[in-house]
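K.L.:
For reference, the structure I am asking about is given below.
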Amino acid sequence: MSDSTDNGTSKETGTGKLTRSKRFITGKRFRMTGLMVAPFGWVFLFTVLPMVIILLMSFWKVELFRVVHDWNLQNYLRTIQTLSFRRLLLRTFWNALIVGFMAVLLGYPLAYYITRIAKGNKIVFFILTLVPLWVSYLLRVYSWRVILGRNGLINSFLIWIGILKEPATIFLFNNFSVTLVLTYIALPFAFIPIYTSLEKIPQNLEEASKDLGAGNAKTFRKVIFPLSLPGVVTGGAYALIIGFGDYITPNLVGGTNGYRLANAIEKWFGAANNWPFGSAQAVLLMIVILIILSMVLLAGGVKAIIEE
Amino acid sequence: MTVNEQAADAINVQKIAKRSASASKFLKASLLVFSIFVYIFLYGPLITMIMMSFNNSKVQGLPIVGLTTRWYIELFQDHELWIALFRSFIVSIGSVVIAIIVGLSSAFLLNRYNFLGKQLYKSIILFPLIIPGVILGIALLSTFNMLGIKASLITVMIGHSTFVIPLIVFLLLNRLDRMDPNMEHASLDLGANRFQTFRRITLPLIGTALLGGALLGFTLSFDEIILTYFLIGPRATLPVKIYQMIRIGFTPEINAIFTILLCFTLFLLVLSTKIILKKK
C-alpha cells in the first residue's frame with residue numbers, strides 16, 4: 001500500500017540502480033519508526049495523558065489540602081445535585097448558544113457579501129475581517145470596558161446629547177456584556193469556515209438556478225444556503241466552544257451575573273484549591289461539548305443527505 | 001398564440017426582470033449596509049483604544065481632553081514590562097521551535113506512510129484546537145504536577161506547543177498533499193542523498209507553508225492567556241502581566257501597550273500574508 005510509489009520508482013530506474021532502490025525500500029520502515037518517536041511521544045505525554053489524568057482526578061478527593069487517591073463519585077454527585085451548579089451549567093450553555101448563533105448571524109451576510117458581490121476585492125475584505133484576530137485578545141476584551149463602562153464612550157455620549165443625566169451602570173459587568181464580548185471575539189472564527197464554504201460554490205450553479213426560473217430568494221434557499229451549511233455548522237460550533245470555555249472575558253467584563261462554568265473550574269484549580277472537584281466539572285463540560293459537537297455534525301450530515 | 005398575446009408575454013417578462021433587478025439592487029444595498037455595520041462592530045473597539053492611548057486624562061471617556069504621548073513615555077520607563085516582553089519572546093520562539101520539530105515529523109508521517117490508527121492519530125493531534133483552553137490548561141497543570149515538574153516558562157512553552165503543532169501539521173499536510181513526489185524521486189535517482197534531497201528539494205517546496213505556520217503560531221503563542229494563566233510560574237509573560245494590571249484597576253499605560261502591540265502584530269500579519277501570497 002504505502003510502498004506503491006517507491007516500487008514504481010524502483011521499476012523505472014532499472015537494474016543498474018537496484019541496490020539503491022533496495023536500500024530505499026528496506027529503509028522505509030526504519031525511517032517511519034524514526035519519524036514516529038517525537039510526535040507519538042509528544043501526543044501521548046501532552047494530549048492523551050493530561051485527559052486521562054483529569055478523568056482519574058475527577059474520581060479522587062481532597063483531604064487536608066492534598067489530593068487523595070480515594071475512588072468515589074462524590075464530586076459528580078455533589079456537582080449535579082447542587083442547584084446553583086445546574087443553573088450555572090444552564091446559563092453557560094444558553095449563552096454559548098447565543099454566542100454561536102449571533103456569530104453566524106453577523107458572519108454569514110458579511111461572507112455572502114464578500115464572496116458574491118464584492119468579488120474583485122475579495123482577498124482585501126477577507127483579510128480585513130481577520131485582522132482583529134491578530135490583535136491582542138486582552139485588548140479586544142478590555143476595549144469593551146472602555147466603551148461600556150461607567151465613564152465609557154456610550155455613557156459619555158448619552159450624557160453629552162442629553163439622554164442621560166447620570167452615567168448608567170447597566171451596560172457593563174453583567175451577563176449581557178459577557179455575551180456581547182464573546183460574540184465579538186468569536187465572530188472572525190465563525191466567519192472563516194462560512195467564507196470558505198461560500199467561496200467554493202461555483203458561480204455557474206447560481207446562474208443555472210436563475211436560468212431555470214428561480215428568483216434570488218429561491219436560489220439562495222435551495223442552492224446557496226444548503227451548500228454553505230457545512231461552513232455554517234463548523235463556524236457556529238467553533239463560536240459555541242469559544243463561548244463555552246472562556247473565563248478571562250467573564251472575569252474582565254462580567255460581574256457576578258456574568259460568571260460562567262469555566263470561571264468555576266478556574267476557581268477550583270486556583271483559590272478554592274479542590275482539583276478533583278474542578279476536574280469533575282471539567283469532565284462534565286467536556287461531555288456537553290462533545291455531545292453538542294456530535295449532534296451538530298450529525299445534523300449537518302443528515303441535512304446534506306436530504307438535500308442531495 | 002396571437003401576436004397580441006406574444007407582445008403581452010414579452011412585456012410581462014420584461015416587468016419581472018425589471019422587478020427582480022431592482023429587488024437585487026435593494027438586496028445588494030442592504031447587504032452592503034449590514035457589512036459596514038459588522039466592520040464598525042469589529043473595528044470600533046480597536047479605534048477606541050488607539051484614540052484613548054493619546055488622551056491626556058486619567059479618566060477613560062469622552063470628551064478627549066488633550067493629546068499627549070506621556071503614557072507612551074511612562075510605558076518605556078516601566079522596567080518590569082520590558083522583562084515580561086522579553087519572556088514572552090522566549091516562550092513564543094521556544095514553542096514554535098518545538099512545534100516545528102513535532103509538526104514537521106507528524107506531517108511527513110501522515111503524508112508518506114500508512115500505519116495502524118492513522119486516523120485516530122490525526123484526530124488526537126487536532127484535539128487541543130477543539131477543546132476549550134480552560135480544560136487543556138487544568139489538564140496540563142495536573143499532568144505537570146503529577147510528573148513533579150514545576151511551573152515555569154518551559155511548562156508554558158509546552159502548553160503553547162500543543163496548539164501550535166496542529167496548525168503547522170495541517171498547513172504542511174495541505175502543501176505536501178499537493179506536492180509531486182516525483183521531484184524527490186528524481187533527486188534521489190540523480191544521486192543526491194536523503195538529506196540533500198530534503199534540503200534542496202523538499203524544504204524549498206514546503207518552506208512558505210512552514211514559515212507561514214511558524215509566524216501564525218508565534219502570534220498566537222505571544223498573545224495566549226487562557227492556557228498560560230494555569231501554567232505560568234512566578235515569572236509573568238506580557239499577557240499575564242497585563243492581565244494582572246487590568247484586574248487591579250485602570251492605568252492609562254495599558255492603552256499605550258495595546259497600541260504598540262497592535263502595530264507589532266499587524267506588522268507580523270502583513271509579513272506572513274506576503275509570504276503566503278507570494279507562493280501563489
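Identifiers for the C-alpha cells are assigned positionally: chains receive A, B, ... in sequence, residues are indexed from 1 per chain, and ligands are indexed from 1 in the order shown.
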Just the residues within 7 Å of segment 147-149 of chain A, please, counting only C-alpha atoms, with nothing from its chain fewer than 5 positions along; format it as a list of chain:residue names.

P.N.:
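In the requested format, the answer is A:Ile154, A:Phe171, A:Leu172.
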
K.L.:
May I have the residues within 9 Å of Trp71 of chain B as a PyMOL selection string, using only C-alpha atoms and disregarding those fewer than 4 positions away in the same chain?

P.N.:
chain B and resi 53-56+75-76+252-257

K.L.:
Using only C-alpha atoms, find the residues of chain B whose closest atom to chain A is at most 6 Å away, then write them as an mmCIF file with C-alpha atoms, in the first residue's frame.

P.N.:
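Wrote it out as iface_0.cif, contents follow:
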data_model
loop_
_atom_site.group_PDB
_atom_site.id
_atom_site.type_symbol
_atom_site.label_atom_id
_atom_site.label_comp_id
_atom_site.auth_asym_id
_atom_site.auth_seq_id
_atom_site.Cartn_x
_atom_site.Cartn_y
_atom_site.Cartn_z
ATOM 1 C CA SER B 35 -21.421 44.552 6.168
ATOM 2 C CA PRO B 45 -13.189 48.847 19.822
ATOM 3 C CA GLY B 61 -14.069 58.530 28.310
ATOM 4 C CA LEU B 62 -15.206 61.325 26.096
ATOM 5 C CA VAL B 102 6.975 17.700 16.157
ATOM 6 C CA SER B 105 7.682 14.862 11.525
ATOM 7 C CA SER B 106 3.933 14.449 12.077
ATOM 8 C CA TYR B 113 3.233 6.412 5.461
ATOM 9 C CA ASN B 114 0.286 4.264 6.381
ATOM 10 C CA PRO B 132 -11.615 24.920 25.438
ATOM 11 C CA VAL B 134 -9.531 26.147 30.307
ATOM 12 C CA ALA B 139 -5.265 19.042 32.354
ATOM 13 C CA LEU B 140 -1.687 20.096 31.628
ATOM 14 C CA THR B 143 -0.052 16.404 34.474
ATOM 15 C CA ASP B 223 -0.968 36.546 22.828
ATOM 16 C CA LEU B 262 -1.316 46.333 17.644
#

K.L.:
Give me every helix (DSSP H, G or I) residue in segment 57-211 of chain A, going by DSSP on the backbone, as a ChimeraX atom specification.

P.N.:
/A:57,74-81,83-117,122-134,137-148,153-160,175-200,203-211

K.L.:
Tell me, as a PyMOL selection string, which residues lie within 8 Å of Gly235 of chain A, counting only C-alpha atoms; anything in the same chain fewer than 4 positions away does not count.

P.N.:
chain A and resi 100+104+189-194+231+239

K.L.:
Write the residues of the selection above to a file with C-alpha atoms, as an mmCIF file, in the first residue's frame.

P.N.:
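Output (result.cif):
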data_model
loop_
_atom_site.group_PDB
_atom_site.id
_atom_site.type_symbol
_atom_site.label_atom_id
_atom_site.label_comp_id
_atom_site.auth_asym_id
_atom_site.auth_seq_id
_atom_site.Cartn_x
_atom_site.Cartn_y
_atom_site.Cartn_z
ATOM 1 C CA GLY A 100 -22.726 30.744 18.316
ATOM 2 C CA VAL A 104 -23.184 33.127 12.432
ATOM 3 C CA PHE A 189 -13.693 32.323 13.914
ATOM 4 C CA ALA A 190 -17.259 31.745 12.727
ATOM 5 C CA PHE A 191 -16.610 33.803 9.608
ATOM 6 C CA ILE A 192 -13.676 31.752 8.244
ATOM 7 C CA PRO A 193 -15.479 28.426 7.597
ATOM 8 C CA ILE A 194 -18.599 30.196 6.312
ATOM 9 C CA GLY A 231 -19.435 26.052 6.881
ATOM 10 C CA ALA A 239 -18.062 30.097 18.240
#

K.L.:
Using only C-alpha atoms, find the one residue out of B:Ile225, B:Leu173, B:Ile232, B:Ile93 that sits nearest to Ala151 of chain B.

P.N.:
B:Ile232

K.L.:
Could you check which of A:Asn175, A:Asn274, A:Ala96, A:Leu212 is closest to Pro250 of chain A, using only C-alpha atoms?

P.N.:
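Checking each candidate against Pro250 of chain A, we get A:Asn175 as the closest.
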
K.L.:
Which polymer residues have any atom within 12 Å of an atom of Leu77 of chain A, counting only C-alpha atoms, with same-chain residues fewer than 3 positions away left out, as a JSON list (two decimals) with C-alpha atoms, in the first residue's frame?

P.N.:
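So the final result, stored in around_9.json, reads:
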[["chain", "number", "residue", "atom", "x", "y", "z"],
["A", 58, "SER", "CA", -12.40, 13.63, 38.98],
["A", 59, "PHE", "CA", -12.90, 10.40, 40.98],
["A", 72, "ASN", "CA", -15.53, 7.95, 44.78],
["A", 73, "LEU", "CA", -18.35, 9.54, 42.82],
["A", 74, "GLN", "CA", -18.86, 12.35, 45.31],
["A", 80, "ILE", "CA", -25.18, 17.54, 39.81],
["A", 81, "GLN", "CA", -27.21, 17.79, 43.00],
["A", 82, "THR", "CA", -26.33, 21.42, 43.63],
["A", 83, "LEU", "CA", -28.97, 23.78, 42.28],
["A", 85, "PHE", "CA", -24.32, 24.43, 39.63],
["A", 86, "ARG", "CA", -27.22, 23.29, 37.45],
["A", 277, "PHE", "CA", -13.99, 18.78, 42.18],
["A", 280, "ALA", "CA", -15.36, 16.64, 37.62],
["A", 281, "GLN", "CA", -16.83, 19.90, 36.35],
["A", 284, "LEU", "CA", -18.95, 17.40, 32.57]]

K.L.:
Nearest to Leu126 of chain B: which of B:Leu141, B:Val169, B:Leu205, B:Ile98 is it, counting only C-alpha atoms?

P.N.:
B:Val169

K.L.:
So which residues touch Lys150 of chain B within 10 Å, counting only C-alpha atoms, skipping near sequence neighbours fewer than 5 positions away, as an mmCIF file with N, CA and C atoms, in the first residue's frame?

P.N.:
data_model
loop_
_atom_site.group_PDB
_atom_site.id
_atom_site.type_symbol
_atom_site.label_atom_id
_atom_site.label_comp_id
_atom_site.auth_asym_id
_atom_site.auth_seq_id
_atom_site.Cartn_x
_atom_site.Cartn_y
_atom_site.Cartn_z
ATOM 1 N N LEU B 141 -1.808 21.301 33.718
ATOM 2 C CA LEU B 141 -1.365 21.650 35.076
ATOM 3 C C LEU B 141 -1.320 20.405 35.959
ATOM 4 N N PHE B 144 1.647 18.095 34.812
ATOM 5 C CA PHE B 144 2.950 18.584 35.278
ATOM 6 C C PHE B 144 3.091 18.358 36.770
ATOM 7 N N ASN B 145 2.004 18.582 37.481
ATOM 8 C CA ASN B 145 2.018 18.421 38.927
ATOM 9 C C ASN B 145 2.316 16.972 39.312
ATOM 10 N N THR B 155 7.085 25.092 31.059
ATOM 11 C CA THR B 155 5.749 24.493 31.034
ATOM 12 C C THR B 155 4.816 25.313 30.144
ATOM 13 N N LEU B 231 -0.371 27.676 33.707
ATOM 14 C CA LEU B 231 0.938 27.034 33.629
ATOM 15 C C LEU B 231 2.078 27.951 34.048
ATOM 16 N N ILE B 232 1.770 29.228 34.217
ATOM 17 C CA ILE B 232 2.837 30.195 34.476
ATOM 18 C C ILE B 232 3.349 30.052 35.913
ATOM 19 N N GLY B 233 4.657 30.177 36.061
ATOM 20 C CA GLY B 233 5.237 30.168 37.394
ATOM 21 C C GLY B 233 5.291 31.584 37.939
#

K.L.:
Need the shell around Phe101 of chain A: protein/DNA/RNA residues with any atom at most 7 Å away, counting only C-alpha atoms. Skip same-chain ones fewer than 4 positions apart. Format as a count of residues only?

P.N.:
3

K.L.:
Sort by chain and increasing residue number a table of all residues of segment 142-185 of chain B within 10 Å of segment 191-197 of chain B, each with its closest pair of atoms and their distance in Å to one decimal, counting only C-alpha atoms, and write it as a tab-separated table.

P.N.:
residue	atom	partner	partner_atom	distance
B:Met183	CA	B:Thr197	CA	9.2
B:Glu184	CA	B:Thr197	CA	6.5
B:His185	CA	B:Thr197	CA	8.9

K.L.:
Could you dump the residues just selected with N, CA and C atoms as a JSON list (two decimals), in the first residue's frame?

P.N.:
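Listing of result30.json after writing:
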[["chain", "number", "residue", "atom", "x", "y", "z"],
["B", 183, "MET", "N", 9.44, 14.69, -7.84],
["B", 183, "MET", "CA", 10.57, 15.62, -7.68],
["B", 183, "MET", "C", 11.62, 15.01, -6.77],
["B", 184, "GLU", "N", 11.14, 14.44, -5.67],
["B", 184, "GLU", "CA", 12.08, 13.83, -4.73],
["B", 184, "GLU", "C", 12.71, 12.58, -5.33],
["B", 185, "HIS", "N", 11.89, 11.79, -6.02],
["B", 185, "HIS", "CA", 12.42, 10.58, -6.64],
["B", 185, "HIS", "C", 13.49, 10.93, -7.65]]

K.L.:
I'd like the neighbourhood of Ser209 of chain A as a ChimeraX atom specification, where a residue qualifies if any of its atoms comes within 12 Å (using only C-alpha atoms), though same-chain residues fewer than 2 positions away should be ignored.

P.N.:
/A:202-207,211-224

K.L.:
Nearest residue to Trp60 of chain A out of A:Leu158, A:Asn257, A:Phe93, A:Tyr76, using only C-alpha atoms?

P.N.:
A:Tyr76
